[in-house]
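S.K.: Structure: run11.tsv, TSV, C-alpha atoms.
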```tsv
chain	number	residue	atom	x	y	z
R	1	MET	CA	-30.60	3.03	13.13
R	2	ASN	CA	-30.36	6.67	14.09
R	3	GLU	CA	-30.56	8.79	10.94
R	4	ARG	CA	-29.06	11.71	12.84
R	5	GLY	CA	-26.00	9.89	14.14
R	6	ALA	CA	-22.43	10.82	13.28
R	7	LEU	CA	-21.39	9.76	9.78
R	8	THR	CA	-18.25	7.75	9.21
R	9	GLU	CA	-15.44	9.63	7.54
R	10	GLY	CA	-15.90	7.51	4.43
R	11	VAL	CA	-19.63	8.19	4.10
R	12	TYR	CA	-19.10	11.90	4.74
R	13	MET	CA	-16.44	12.12	2.04
R	14	ILE	CA	-18.58	10.16	-0.45
R	15	LEU	CA	-21.54	12.49	0.11
R	16	VAL	CA	-19.32	15.55	-0.35
R	17	SER	CA	-17.83	14.02	-3.52
R	18	LEU	CA	-21.27	13.25	-4.95
R	19	LEU	CA	-22.43	16.86	-4.82
R	20	THR	CA	-21.24	16.55	-8.44
R	21	PRO	CA	-22.13	13.31	-10.30
R	22	ARG	CA	-19.17	10.96	-10.26
R	23	HIS	CA	-18.44	7.28	-10.87
R	24	GLY	CA	-17.02	5.09	-8.14
R	25	TYR	CA	-13.38	5.34	-9.07
R	26	ALA	CA	-13.65	9.13	-9.42
R	27	VAL	CA	-15.05	9.28	-5.86
R	28	MET	CA	-11.97	7.41	-4.63
R	29	GLN	CA	-9.63	9.80	-6.44
R	30	ASN	CA	-11.56	12.85	-5.26
R	31	VAL	CA	-11.49	11.77	-1.60
R	32	GLU	CA	-7.76	11.17	-1.82
R	33	ALA	CA	-7.16	14.56	-3.46
R	34	LEU	CA	-9.38	16.49	-1.00
R	35	THR	CA	-7.58	15.04	2.02
R	36	ASN	CA	-4.09	15.23	0.48
R	37	GLY	CA	-3.84	11.46	0.51
R	38	ARG	CA	-4.77	11.06	4.18
R	39	VAL	CA	-8.03	9.21	3.46
R	40	VAL	CA	-7.57	6.41	0.93
R	41	MET	CA	-10.69	4.33	0.34
R	42	GLY	CA	-10.37	0.74	-0.74
R	43	ALA	CA	-12.54	-0.31	-3.67
R	44	GLY	CA	-14.33	-2.94	-1.55
R	45	THR	CA	-15.06	-0.43	1.20
R	46	LEU	CA	-16.35	2.11	-1.34
R	47	TYR	CA	-18.57	-0.51	-2.99
R	48	GLY	CA	-20.16	-1.41	0.34
R	49	ALA	CA	-20.66	2.25	1.28
R	50	ILE	CA	-22.20	3.16	-2.10
R	51	ASN	CA	-24.64	0.24	-1.84
R	52	ASN	CA	-25.64	1.28	1.67
R	53	LEU	CA	-26.18	4.87	0.58
R	54	LEU	CA	-28.24	3.74	-2.44
R	55	GLU	CA	-30.38	1.65	-0.12
R	56	LYS	CA	-30.88	4.61	2.23
R	57	LYS	CA	-31.71	6.75	-0.86
R	58	TRP	CA	-29.06	9.31	0.13
R	59	ILE	CA	-27.56	8.90	-3.34
R	60	VAL	CA	-29.00	7.65	-6.66
R	61	SER	CA	-27.56	6.26	-9.83
R	62	ALA	CA	-27.23	9.09	-12.36
R	63	GLY	CA	-26.86	6.77	-15.35
R	64	ASN	CA	-23.72	5.99	-17.29
R	65	ASN	CA	-21.17	8.58	-18.25
R	66	PRO	CA	-21.43	8.86	-22.08
R	67	GLU	CA	-17.62	9.10	-22.44
R	68	SER	CA	-16.33	6.46	-20.05
R	69	ARG	CA	-19.58	4.41	-19.91
R	70	LYS	CA	-19.02	4.08	-16.16
R	71	LYS	CA	-21.96	4.18	-13.78
R	72	GLU	CA	-22.28	7.55	-12.05
R	73	TYR	CA	-23.94	8.47	-8.76
R	74	VAL	CA	-25.26	11.73	-7.34
R	75	ILE	CA	-26.54	12.94	-3.96
R	76	THR	CA	-30.35	13.12	-3.36
R	77	PRO	CA	-32.24	15.85	-1.42
R	78	LYS	CA	-32.42	13.39	1.48
R	79	GLY	CA	-28.65	12.87	1.33
R	80	MET	CA	-28.12	16.60	1.08
R	81	GLU	CA	-30.18	17.16	4.22
R	82	THR	CA	-28.09	14.57	6.09
R	83	LEU	CA	-24.87	16.13	4.87
R	84	GLN	CA	-25.97	19.63	5.90
R	85	TYR	CA	-26.89	18.35	9.36
R	86	GLU	CA	-23.52	16.60	9.64
R	87	ILE	CA	-21.62	19.75	8.63
R	88	LEU	CA	-23.47	21.68	11.37
R	89	ARG	CA	-22.70	18.92	13.88
R	90	LEU	CA	-19.01	18.89	12.94
R	91	GLY	CA	-18.93	22.69	13.18
R	92	GLU	CA	-20.36	22.48	16.66
R	93	LEU	CA	-17.77	19.87	17.69
R	94	LEU	CA	-14.98	22.00	16.27
R	95	GLN	CA	-16.23	25.06	18.14
R	96	ILE	CA	-16.53	23.15	21.43
R	97	GLY	CA	-12.98	21.88	21.01
R	98	MET	CA	-11.58	25.29	20.15
R	99	GLU	CA	-13.36	26.96	23.09
R	100	GLY	CA	-12.16	24.24	25.42
R	101	MET	CA	-8.58	24.66	24.26
R	102	LYS	CA	-8.78	28.44	24.58
R	103	ASN	CA	-9.94	28.19	28.19
R	104	SER	CA	-7.41	25.55	29.10
R	105	ALA	CA	-4.10	26.43	30.75
R	106	ASN	CA	-2.31	23.85	28.63
R	107	SER	CA	-3.64	25.06	25.33
R	108	GLU	CA	-0.65	27.17	24.27
R	109	MET	CA	1.58	24.22	23.66
R	110	PRO	CA	1.23	23.40	20.02
R	111	GLY	CA	4.82	22.12	19.90
R	112	LYS	CA	4.37	19.75	22.82
R	113	LYS	CA	4.15	16.08	22.19
R	114	GLN	CA	0.92	14.26	22.81
R	115	GLY	CA	0.42	13.47	26.47
R	116	GLU	CA	2.97	15.92	27.85
R	117	ALA	CA	0.35	18.51	28.70
R	118	TYR	CA	-1.22	16.14	31.20
R	119	GLU	CA	1.95	15.69	33.24
R	120	ASN	CA	2.06	19.28	34.53
Q	1	MET	CA	5.08	-19.82	-21.98
Q	2	LYS	CA	2.70	-20.81	-19.19
Q	3	ILE	CA	4.19	-22.18	-16.00
Q	4	LYS	CA	2.05	-24.43	-13.81
Q	5	LEU	CA	2.60	-24.73	-10.06
Q	6	TRP	CA	0.76	-26.76	-7.42
Q	7	LYS	CA	0.56	-25.28	-3.95
Q	8	TYR	CA	-1.45	-25.77	-0.81
Q	9	PHE	CA	-1.89	-22.93	1.67
Q	10	ILE	CA	-3.83	-22.93	4.89
Q	11	ASP	CA	-4.89	-19.30	4.54
Q	12	GLU	CA	-5.38	-16.69	1.86
Q	13	GLU	CA	-2.82	-14.33	3.37
Q	14	SER	CA	0.03	-16.76	2.67
Q	15	THR	CA	-1.29	-17.37	-0.85
Q	16	GLU	CA	-1.48	-13.63	-1.45
Q	17	LYS	CA	2.08	-13.11	-0.24
Q	18	TRP	CA	3.30	-15.96	-2.41
Q	19	LEU	CA	1.58	-14.52	-5.53
Q	20	ASN	CA	3.00	-11.05	-4.82
Q	21	ASP	CA	6.53	-12.38	-4.22
Q	22	LEU	CA	6.39	-14.21	-7.56
Q	23	ALA	CA	4.92	-11.13	-9.31
Q	24	ALA	CA	7.82	-9.07	-7.94
Q	25	GLU	CA	10.14	-11.47	-9.76
Q	26	GLY	CA	8.10	-11.22	-12.96
Q	27	LEU	CA	5.95	-14.33	-12.65
Q	28	ASN	CA	2.37	-13.14	-12.99
Q	29	CYS	CA	-0.48	-15.39	-12.01
Q	30	VAL	CA	-2.92	-15.64	-14.93
Q	31	GLY	CA	-5.17	-18.42	-13.79
Q	32	SER	CA	-5.93	-21.04	-11.20
Q	33	GLY	CA	-7.63	-24.38	-11.00
Q	34	PHE	CA	-8.47	-27.24	-8.70
Q	35	LEU	CA	-10.08	-25.00	-6.05
Q	36	MET	CA	-7.05	-22.73	-6.04
Q	37	HIS	CA	-4.40	-25.36	-5.52
Q	38	LYS	CA	-3.06	-25.20	-9.07
Q	39	TYR	CA	-1.77	-21.88	-10.42
Q	40	TYR	CA	-0.74	-20.75	-13.89
Q	41	PHE	CA	1.91	-18.10	-14.39
Q	42	GLU	CA	3.32	-16.08	-17.26
Q	43	GLN	CA	6.73	-14.43	-17.33
Q	44	ASP	CA	6.50	-10.65	-17.69
Q	45	GLN	CA	7.87	-7.41	-16.25
Q	46	PRO	CA	8.82	-7.77	-12.56
Q	47	GLY	CA	6.56	-5.85	-10.18
Q	48	GLU	CA	3.97	-4.94	-12.81
Q	49	TYR	CA	1.00	-6.13	-10.75
Q	50	THR	CA	-0.16	-6.28	-7.14
Q	51	TYR	CA	-2.33	-9.30	-6.28
Q	52	ARG	CA	-5.10	-9.60	-3.73
Q	53	ILE	CA	-7.22	-12.54	-2.66
Q	54	VAL	CA	-10.71	-11.78	-1.46
Q	55	ILE	CA	-13.47	-13.95	-0.09
Q	56	LEU	CA	-16.84	-12.77	-1.38
Q	57	ASP	CA	-20.33	-13.57	-0.14
Q	58	HIS	CA	-21.16	-15.53	-3.30
Q	59	ALA	CA	-19.30	-17.63	-5.85
Q	60	MET	CA	-18.62	-16.70	-9.48
Q	61	GLY	CA	-21.77	-16.39	-11.59
Q	62	HIS	CA	-23.93	-14.91	-8.83
Q	63	PRO	CA	-25.34	-11.51	-9.92
Q	64	GLU	CA	-23.99	-9.80	-6.79
Q	65	THR	CA	-20.47	-11.09	-7.55
Q	66	THR	CA	-20.75	-9.93	-11.17
Q	67	ARG	CA	-21.83	-6.46	-9.99
Q	68	TYR	CA	-18.93	-6.27	-7.54
Q	69	LEU	CA	-16.34	-7.38	-10.10
Q	70	ASN	CA	-17.73	-4.88	-12.66
Q	71	PHE	CA	-17.40	-2.11	-10.06
Q	72	LEU	CA	-13.80	-3.10	-9.34
Q	73	ARG	CA	-13.00	-3.26	-13.06
Q	74	GLU	CA	-13.92	0.43	-13.41
Q	75	GLY	CA	-11.09	1.13	-10.96
Q	76	GLY	CA	-8.58	-0.91	-12.95
Q	77	VAL	CA	-8.92	-4.12	-10.95
Q	78	GLU	CA	-8.65	-7.27	-13.03
Q	79	TYR	CA	-10.28	-10.60	-12.20
Q	80	ILE	CA	-7.89	-13.52	-12.60
Q	81	ALA	CA	-9.45	-16.65	-11.19
Q	82	SER	CA	-11.69	-18.02	-8.48
Q	83	GLY	CA	-12.21	-21.16	-6.46
Q	84	TYR	CA	-15.56	-21.36	-4.68
Q	85	ARG	CA	-15.80	-17.97	-2.89
Q	86	HIS	CA	-12.08	-17.12	-3.07
Q	87	PHE	CA	-11.11	-14.71	-5.83
Q	88	ILE	CA	-7.70	-13.73	-7.20
Q	89	LEU	CA	-7.62	-10.10	-8.33
Q	90	ARG	CA	-4.81	-7.90	-9.53
Q	91	LYS	CA	-4.13	-4.26	-10.28
Q	92	LYS	CA	-1.27	-2.53	-12.08
Q	93	THR	CA	1.24	-1.43	-9.42
Q	94	ALA	CA	1.74	1.86	-11.32
Q	95	ASP	CA	-1.96	2.73	-10.72
Q	96	GLY	CA	-1.38	3.15	-6.98
Q	97	PRO	CA	-1.83	0.97	-3.91
Q	98	PHE	CA	-4.27	-1.90	-4.13
Q	99	GLU	CA	-6.26	-2.14	-0.90
Q	100	LEU	CA	-9.83	-3.38	-0.96
Q	101	HIS	CA	-10.83	-2.93	2.67
Q	102	THR	CA	-9.91	0.29	4.40
Q	103	ASP	CA	-12.72	0.74	6.95
Q	104	ARG	CA	-13.18	-1.01	10.26
Q	105	ALA	CA	-16.56	-2.56	9.43
Q	106	SER	CA	-15.26	-4.35	6.32
Q	107	LEU	CA	-12.09	-5.46	8.12
Q	108	ILE	CA	-14.24	-6.94	10.91
Q	109	LYS	CA	-16.42	-8.66	8.31
Q	110	LYS	CA	-13.34	-10.01	6.50
Q	111	ASN	CA	-11.95	-11.51	9.73
Q	112	LYS	CA	-15.36	-13.01	10.50
Q	113	THR	CA	-15.45	-14.71	7.07
Q	114	LEU	CA	-11.93	-16.06	7.66
Q	115	MET	CA	-13.00	-17.31	11.10
Q	116	ASN	CA	-15.96	-19.14	9.53
Q	117	PHE	CA	-13.78	-20.79	6.90
Q	118	ALA	CA	-11.29	-21.96	9.54
Q	119	ILE	CA	-13.96	-23.37	11.84
Q	120	VAL	CA	-15.89	-25.09	9.03
Q	121	THR	CA	-12.68	-26.76	7.82
Q	122	ALA	CA	-11.88	-27.83	11.39
Q	123	LEU	CA	-15.39	-29.28	11.81
Q	124	ILE	CA	-15.14	-31.21	8.52
Q	125	LEU	CA	-11.85	-32.72	9.76
Q	126	LEU	CA	-13.37	-34.01	13.02
Q	127	PRO	CA	-15.40	-36.94	11.57
Q	128	ILE	CA	-12.44	-37.85	9.31
Q	129	ILE	CA	-10.16	-38.03	12.38
Q	130	ALA	CA	-12.80	-40.08	14.25
Q	131	LEU	CA	-13.12	-42.47	11.30
Q	132	ASN	CA	-9.35	-42.92	11.00
Q	133	VAL	CA	-8.94	-43.51	14.73
Q	134	GLY	CA	-11.86	-45.97	14.69
Q	135	VAL	CA	-10.47	-47.95	11.78
Q	136	THR	CA	-7.00	-47.99	13.39
Q	137	ILE	CA	-8.47	-49.45	16.60
Q	138	MET	CA	-10.49	-51.98	14.63
Q	139	HIS	CA	-7.34	-53.08	12.80
Q	140	LEU	CA	-5.37	-53.32	16.06
Q	141	VAL	CA	-8.09	-55.48	17.60
Q	142	ASN	CA	-8.26	-57.79	14.58
Q	143	ARG	CA	-4.52	-58.20	14.12
Q	144	HIS	CA	-5.00	-61.67	12.67
Q	145	ILE	CA	-6.82	-60.15	9.64
Q	146	TYR	CA	-5.10	-56.77	9.08
Q	147	THR	CA	-1.43	-56.06	8.48
Q	148	THR	CA	0.77	-53.60	10.40
Q	149	LEU	CA	0.90	-51.47	7.25
Q	150	MET	CA	-2.87	-50.98	7.34
Q	151	VAL	CA	-2.69	-49.89	10.98
Q	152	PHE	CA	0.16	-47.52	10.16
Q	153	ILE	CA	-1.66	-45.92	7.19
Q	154	ASN	CA	-4.79	-45.24	9.22
Q	155	ALA	CA	-2.88	-43.95	12.23
Q	156	MET	CA	-0.92	-41.60	9.96
Q	157	GLY	CA	-4.16	-40.40	8.38
Q	158	ALA	CA	-5.54	-39.60	11.79
Q	159	ALA	CA	-2.34	-37.80	12.81
Q	160	VAL	CA	-2.20	-35.65	9.64
Q	161	CYS	CA	-5.87	-34.67	9.98
Q	162	PHE	CA	-5.34	-33.88	13.65
Q	163	VAL	CA	-2.40	-31.57	12.87
Q	164	LEU	CA	-4.57	-29.82	10.22
Q	165	PHE	CA	-7.37	-29.58	12.77
Q	166	VAL	CA	-5.05	-27.90	15.30
Q	167	ILE	CA	-3.76	-25.50	12.61
Q	168	MET	CA	-7.32	-24.55	11.66
Q	169	CYS	CA	-8.25	-23.93	15.31
Q	170	THR	CA	-5.14	-21.74	15.72
Q	171	GLN	CA	-6.11	-19.81	12.59
Q	172	TRP	CA	-9.62	-19.36	13.93
Q	173	ARG	CA	-8.24	-17.97	17.18
Q	174	ARG	CA	-5.88	-15.61	15.32
Q	175	TYR	CA	-8.76	-14.12	13.31
Q	176	ALA	CA	-11.00	-14.00	16.38
Q	177	LEU	CA	-8.37	-11.99	18.31
Q	178	ARG	CA	-7.87	-9.68	15.35
Q	179	LYS	CA	-11.61	-9.13	15.06
Q	180	ARG	CA	-11.91	-8.39	18.76
Q	181	ARG	CA	-9.06	-5.88	18.63
Q	182	LEU	CA	-10.75	-4.11	15.71
Q	183	GLN	CA	-14.03	-4.00	17.61
Q	184	GLU	CA	-12.33	-2.62	20.73
Q	185	GLU	CA	-10.56	0.08	18.74
Q	186	GLY	CA	-13.93	0.89	17.20
Q	187	ALA	CA	-15.16	2.10	20.57
Q	188	ILE	CA	-12.55	4.88	20.51
Q	189	HIS	CA	-11.82	5.64	16.89
Q	190	GLU	CA	-14.25	5.71	14.03
```
Take the structure from the file and write it as structure tokens.
M.R.:
Amino acid sequence: MNERGALTEGVYMILVSLLTPRHGYAVMQNVEALTNGRVVMGAGTLYGAINNLLEKKWIVSAGNNPESRKKEYVITPKGMETLQYEILRLGELLQIGMEGMKNSANSEMPGKKQGEAYEN
Amino acid sequence: MKIKLWKYFIDEESTEKWLNDLAAEGLNCVGSGFLMHKYYFEQDQPGEYTYRIVILDHAMGHPETTRYLNFLREGGVEYIASGYRHFILRKKTADGPFELHTDRASLIKKNKTLMNFAIVTALILLPIIALNVGVTIMHLVNRHIYTTLMVFINAMGAAVCFVLFVIMCTQWRRYALRKRRLQEEGAIHE
């Protein structure tokens, strides 16, 4: 598997959330809060993703939270490197898109419905 | 007071809907038996819980299953009962929506598991149908020994199993189409 491939939205959000140690449920809440409720992760999906990331050593178990006694996770240097690369990649994509829109004749139509720009 | 109900469903989606409809009326499932054909309910507040049925890779007691259920419990998900690899889980409705699978890969995997269950059931039914048909023919041939009732019972057995077989094949196809659609969408969206 390509280690430099695009990350799924879920994995990206988990890595960002685990810049601070958090337990699974807190990751779910954080992702929802950061995206204003747009990205809601199911517990099963999160469990699978966390296990995959542990296996890849992008995150590690940071022990149990002394208050809640829930298992916490945190990003590793390897995970951090992947995340930094992904942020650069996303930045590049964003820039390409913005430039493309700027140079396009149809770009000044923010109010137009999807698809209408192509009919002209 | 515990209420006991027997029910047979061909798929977990219908079971899940049934449990949620009853929970909305205040009948909360608190247990199950007989490979999830017998259910126990308790009367409580209507709509207090949302129920989900999941099929896991391993049955109850396997360390992986225990780890998964512990993880879910941290998020307020309660284990209710299981039958083989099917698990009944619930979460307080006030704690937000209860969805377990939200990404494409797990949805594809879920449909694949459902496909496997449908096809295995269908394959188990095949020899039973063959046996029933065989015995029916044997009885028809030896009419001087066997009664019409015996022929009728065996023919009915074959017919019922055949209908179940067709239902299972239809289910398999439904999940297969759903899985394919998910995979096709995956080529465009994440």
S.K.: Any idea which chain R residues end up within 7 Å of chain Q if we count only C-alpha atoms, as a ChimeraX atom specification please?
M.R.: /R:8,25,41-45,70
S.K.: Expressed in Å to a single decimal, how great is the separation between CA of Ile53 (chain Q) and CA of Lys112 (chain Q)?
M.R.: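 So the answer is 15.5 Å.
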S.K.: Measuring between all atoms listed in the file, which one of R:Glu55, R:Glu92, R:Glu72, R:Glu86 shows the shortest distance to Ala26 (chain R)?
M.R.: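 Nearest to Ala26 (chain R): R:Glu72.
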S.K.: Which residues are close to Leu7 (chain R), i.e. within 12 Å by all atoms listed in the file, leaving aside same-chain residues fewer than 2 positions away? Reply as a PyMOL selection string.
M.R.: (chain R and resi 1-5+9-16+49+53+79+82-87+89-90) or (chain Q and resi 190)
S.K.: Restricting the calculation to all atoms listed in the file, which member of Q:Trp172, Q:Tyr40, Q:Tyr79, Q:Phe152 is positioned closest to Val135 (chain Q)?
M.R.: Q:Phe152
S.K.: Just the number, please: distance in Å from CA of Lys179 (chain Q) to CA of Ile108 (chain Q), one decimal.
M.R.: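 CA of Ile108 (chain Q) lies at a distance of 5.4 Å from CA of Lys179 (chain Q).
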